[in-house]
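To keep things clear, I will list the structure first and then write my remarks on it.
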Amino acid sequence: MSSSYEAKDISAVQQQQLRQQLLAKRAAISAPDRAAEAAAVSEHLLALPELQKTKRIGSYISVKAELPTPQLNQRLISMGHQLSVPVLHPVNTGHLLFLRVHPKTLWVPNKYHIPEPALQVADITPLAHLDILLVPLVGFDHQGNRLGMGGGFYDRTLAAWHRGAYPHLQVIGLALTCQQTPKLPVNPWDIPLNKVITAAKVWDFLR
């Protein structure tokens, strides 16, 4: 077995162990505390200078113990921002497609039981058309690295952006305070974030 293979294998084990620890911390937070943190995160986000003009924003539909997004998503729509959310790509396996949300959106559960807009070609929002993308996470570190659920959907979807495509796009993680950790084990294909917002602060990794 080569040393590079061993390094990748060890990194995967470390990531999975840390993922389970962070998921347990996240699950231990009470619903009222999670809602309070979500409200603080929303205020930080909506106060960003770039949110003071109408933007095309990609967000996500929170599930389980993730930082809840329903109220934030509704506020973004009510402020006039165009909101799109991810669906599992019907052709490009392992990638995400973003669909615009509107009053006539029909919602269906995907194979992971996450609500998605029913696929309508007219509602597709190419990643290149988004100004801001809000992403969920399991953990993040002080260098802007992100730990997800392990499926790699966001890493694959954002690979071109990470290589320099769509330089106008900001990718921002939304997190509970307990999800921060000093240093994550990372792989070359892991995509770091521009910012992460917690209840306590806005972490800006571009500064």
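Order determines the names: the first chain of the structure tokens is A, the second B, and so forth; residues in each chain are numbered 1 upward, and ligands are numbered 1 upward as they are shown.
When the distance limit is 12 Å and only C-alpha atoms are what count, the residues near A:Pro103, minus those fewer than 3 positions from it on the same chain, are A:Gln74, A:Ile77, A:Ser78, A:Leu83, A:Arg100, A:Leu106, A:Trp107, A:Pro117.
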Could you find all residues in chain A that DSSP calls alpha helix (DSSP H) from the backbone, and write them as a ChimeraX atom specification? /A:3-27,31-46,70-78,153-157,159-162
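Using only C-alpha atoms, the residues found no farther than 9 Å from A:Leu88, other than those of its own chain fewer than 5 positions away, are A:Thr93, A:Gly94, A:His95, A:Leu96, A:Leu97, A:Phe98, A:Asn110, A:Lys111, A:Glu116, A:Phe153.
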Store the residues picked out above in a file with N, CA, C and O atoms, as a tab-separated table (two decimals), in the first residue's frame.
chain	number	residue	atom	x	y	z
A	93	THR	N	-24.77	12.80	-11.98
A	93	THR	CA	-24.85	12.15	-10.68
A	93	THR	C	-23.81	12.70	-9.72
A	93	THR	O	-22.64	12.90	-10.08
A	94	GLY	N	-24.25	12.96	-8.49
A	94	GLY	CA	-23.34	13.46	-7.46
A	94	GLY	C	-23.21	14.97	-7.43
A	94	GLY	O	-22.48	15.51	-6.62
A	95	HIS	N	-23.93	15.65	-8.33
A	95	HIS	CA	-23.90	17.11	-8.39
A	95	HIS	C	-25.27	17.67	-7.99
A	95	HIS	O	-26.25	16.94	-7.91
A	96	LEU	N	-25.30	18.98	-7.78
A	96	LEU	CA	-26.53	19.67	-7.44
A	96	LEU	C	-26.93	20.62	-8.56
A	96	LEU	O	-26.08	21.18	-9.27
A	97	LEU	N	-28.22	20.82	-8.69
A	97	LEU	CA	-28.82	21.78	-9.61
A	97	LEU	C	-29.64	22.73	-8.73
A	97	LEU	O	-30.19	22.31	-7.71
A	98	PHE	N	-29.72	24.00	-9.12
A	98	PHE	CA	-30.46	24.96	-8.31
A	98	PHE	C	-31.71	25.43	-9.05
A	98	PHE	O	-31.64	25.79	-10.23
A	110	ASN	N	-36.66	14.16	-2.00
A	110	ASN	CA	-35.70	13.39	-2.79
A	110	ASN	C	-35.37	12.08	-2.07
A	110	ASN	O	-36.00	11.74	-1.06
A	111	LYS	N	-34.40	11.34	-2.56
A	111	LYS	CA	-34.10	10.03	-1.98
A	111	LYS	C	-33.54	10.11	-0.57
A	111	LYS	O	-33.51	9.12	0.15
A	116	GLU	N	-37.52	19.10	-2.16
A	116	GLU	CA	-36.95	19.75	-3.34
A	116	GLU	C	-38.08	20.33	-4.19
A	116	GLU	O	-39.18	19.77	-4.22
A	153	PHE	N	-21.49	16.35	-2.58
A	153	PHE	CA	-22.33	17.06	-3.55
A	153	PHE	C	-21.87	18.50	-3.76
A	153	PHE	O	-21.75	18.96	-4.89
Taking only chain A into account, list the residues labelled strand (DSSP E) by DSSP (computed from the backbone), as number ranges by chain. A: 56-58, 82-88, 96-100, 107-109, 115-117, 132-135, 139-140, 146-147, 170-174, 195-197, 202-204
Mind dumping a table of every stretch 45-142 of chain A residue within 9 Å of stretch 28-40 of chain A, with the nearest atom pair and its distance in Å to one decimal, using only C-alpha atoms, sorted by chain and rising number, as JSON lines?
{"residue": "A:Leu45", "atom": "CA", "partner": "A:Ala40", "partner_atom": "CA", "distance": 8.7}
{"residue": "A:Ala65", "atom": "CA", "partner": "A:Ile29", "partner_atom": "CA", "distance": 8.1}
{"residue": "A:Glu66", "atom": "CA", "partner": "A:Arg34", "partner_atom": "CA", "distance": 8.5}
{"residue": "A:Leu67", "atom": "CA", "partner": "A:Ala38", "partner_atom": "CA", "distance": 5.9}
{"residue": "A:Pro68", "atom": "CA", "partner": "A:Ala38", "partner_atom": "CA", "distance": 6.1}
{"residue": "A:Thr69", "atom": "CA", "partner": "A:Ala38", "partner_atom": "CA", "distance": 7.3}
{"residue": "A:Gln71", "atom": "CA", "partner": "A:Ala39", "partner_atom": "CA", "distance": 8.4}
{"residue": "A:Leu72", "atom": "CA", "partner": "A:Ala39", "partner_atom": "CA", "distance": 7.9}
Residues as selected, all heavy atoms, written as a PDB file, in the first residue's frame, can you do that?
ATOM      1  N   LEU A  45     -26.260  37.817   8.567  1.00  0.00           N
ATOM      2  CA  LEU A  45     -26.275  37.680   7.114  1.00  0.00           C
ATOM      3  C   LEU A  45     -26.951  38.873   6.458  1.00  0.00           C
ATOM      4  O   LEU A  45     -26.415  39.470   5.511  1.00  0.00           O
ATOM      5  CB  LEU A  45     -26.996  36.387   6.721  1.00  0.00           C
ATOM      6  CG  LEU A  45     -27.226  36.178   5.224  1.00  0.00           C
ATOM      7  CD1 LEU A  45     -25.912  35.952   4.498  1.00  0.00           C
ATOM      8  CD2 LEU A  45     -28.190  35.022   4.975  1.00  0.00           C
ATOM      9  N   ALA A  65     -31.114  18.305  12.538  1.00  0.00           N
ATOM     10  CA  ALA A  65     -30.566  19.256  13.506  1.00  0.00           C
ATOM     11  C   ALA A  65     -29.751  20.366  12.854  1.00  0.00           C
ATOM     12  O   ALA A  65     -29.037  21.092  13.547  1.00  0.00           O
ATOM     13  CB  ALA A  65     -29.706  18.509  14.528  1.00  0.00           C
ATOM     14  N   GLU A  66     -29.851  20.515  11.518  1.00  0.00           N
ATOM     15  CA  GLU A  66     -29.140  21.607  10.861  1.00  0.00           C
ATOM     16  C   GLU A  66     -29.656  22.951  11.361  1.00  0.00           C
ATOM     17  O   GLU A  66     -30.797  23.068  11.830  1.00  0.00           O
ATOM     18  CB  GLU A  66     -29.339  21.530   9.345  1.00  0.00           C
ATOM     19  CG  GLU A  66     -28.585  20.403   8.673  1.00  0.00           C
ATOM     20  CD  GLU A  66     -28.813  20.366   7.184  1.00  0.00           C
ATOM     21  OE1 GLU A  66     -29.818  20.926   6.704  1.00  0.00           O
ATOM     22  OE2 GLU A  66     -27.999  19.743   6.501  1.00  0.00           O
ATOM     23  N   LEU A  67     -28.821  23.968  11.225  1.00  0.00           N
ATOM     24  CA  LEU A  67     -29.286  25.309  11.538  1.00  0.00           C
ATOM     25  C   LEU A  67     -30.519  25.587  10.687  1.00  0.00           C
ATOM     26  O   LEU A  67     -30.455  25.491   9.464  1.00  0.00           O
ATOM     27  CB  LEU A  67     -28.185  26.323  11.245  1.00  0.00           C
ATOM     28  CG  LEU A  67     -28.537  27.769  11.614  1.00  0.00           C
ATOM     29  CD1 LEU A  67     -27.379  28.437  12.334  1.00  0.00           C
ATOM     30  CD2 LEU A  67     -28.932  28.569  10.384  1.00  0.00           C
ATOM     31  N   PRO A  68     -31.660  25.882  11.301  1.00  0.00           N
ATOM     32  CA  PRO A  68     -32.910  26.002  10.534  1.00  0.00           C
ATOM     33  C   PRO A  68     -32.921  27.208   9.604  1.00  0.00           C
ATOM     34  O   PRO A  68     -32.506  28.308   9.986  1.00  0.00           O
ATOM     35  CB  PRO A  68     -33.980  26.113  11.625  1.00  0.00           C
ATOM     36  CG  PRO A  68     -33.259  26.508  12.867  1.00  0.00           C
ATOM     37  CD  PRO A  68     -31.865  25.998  12.749  1.00  0.00           C
ATOM     38  N   THR A  69     -33.428  26.989   8.393  1.00  0.00           N
ATOM     39  CA  THR A  69     -33.443  28.054   7.392  1.00  0.00           C
ATOM     40  C   THR A  69     -34.825  28.531   6.944  1.00  0.00           C
ATOM     41  O   THR A  69     -34.889  29.490   6.164  1.00  0.00           O
ATOM     42  CB  THR A  69     -32.684  27.588   6.131  1.00  0.00           C
ATOM     43  OG1 THR A  69     -33.278  26.369   5.638  1.00  0.00           O
ATOM     44  CG2 THR A  69     -31.209  27.376   6.423  1.00  0.00           C
ATOM     45  N   GLN A  71     -37.297  30.397   8.169  1.00  0.00           N
ATOM     46  CA  GLN A  71     -37.575  31.822   8.368  1.00  0.00           C
ATOM     47  C   GLN A  71     -36.608  32.692   7.586  1.00  0.00           C
ATOM     48  O   GLN A  71     -36.994  33.716   7.007  1.00  0.00           O
ATOM     49  CB  GLN A  71     -37.532  32.151   9.858  1.00  0.00           C
ATOM     50  CG  GLN A  71     -38.675  31.532  10.646  1.00  0.00           C
ATOM     51  CD  GLN A  71     -38.707  31.981  12.093  1.00  0.00           C
ATOM     52  OE1 GLN A  71     -37.865  32.749  12.544  1.00  0.00           O
ATOM     53  NE2 GLN A  71     -39.680  31.487  12.829  1.00  0.00           N
ATOM     54  N   LEU A  72     -35.333  32.295   7.553  1.00  0.00           N
ATOM     55  CA  LEU A  72     -34.348  33.058   6.784  1.00  0.00           C
ATOM     56  C   LEU A  72     -34.718  33.070   5.307  1.00  0.00           C
ATOM     57  O   LEU A  72     -34.701  34.129   4.660  1.00  0.00           O
ATOM     58  CB  LEU A  72     -32.957  32.460   6.971  1.00  0.00           C
ATOM     59  CG  LEU A  72     -31.866  33.013   6.037  1.00  0.00           C
ATOM     60  CD1 LEU A  72     -31.691  34.510   6.235  1.00  0.00           C
ATOM     61  CD2 LEU A  72     -30.560  32.275   6.244  1.00  0.00           C
TER      62      LEU A  72
END
In Å and to one decimal, atom CA of A:Ala128 is distant from atom CA of A:Tyr166 by 5.5 Å
Report the closest atom pair, with its distance in Å rounded to one decimal, for each residue of stretch 17-74 of chain A that has an atom no farther than 12 Å from stretch 185-196 of chain A; count only C-alpha atoms, sort by chain and then rising residue number, and write it as a Markdown table.
| residue | atom | partner | partner_atom | distance |
| --- | --- | --- | --- | --- |
| A:Gln17 | CA | A:Pro185 | CA | 10.7 |
| A:Leu18 | CA | A:Pro185 | CA | 9.0 |
| A:Arg19 | CA | A:Pro185 | CA | 10.7 |
| A:Val41 | CA | A:Val196 | CA | 9.7 |
| A:Ser42 | CA | A:Val196 | CA | 12.0 |
| A:His44 | CA | A:Val196 | CA | 10.5 |
| A:Leu45 | CA | A:Val196 | CA | 9.7 |
| A:Leu48 | CA | A:Lys195 | CA | 11.2 |
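Nearest residue to A:Pro70, choosing from A:Pro167, A:Pro115, A:Gly139, A:Gly152 and counting only C-alpha atoms: A:Pro115.
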Atom-to-atom span, atom CA of A:Tyr112 and atom CA of A:Ala159, Å: 22.7 Å
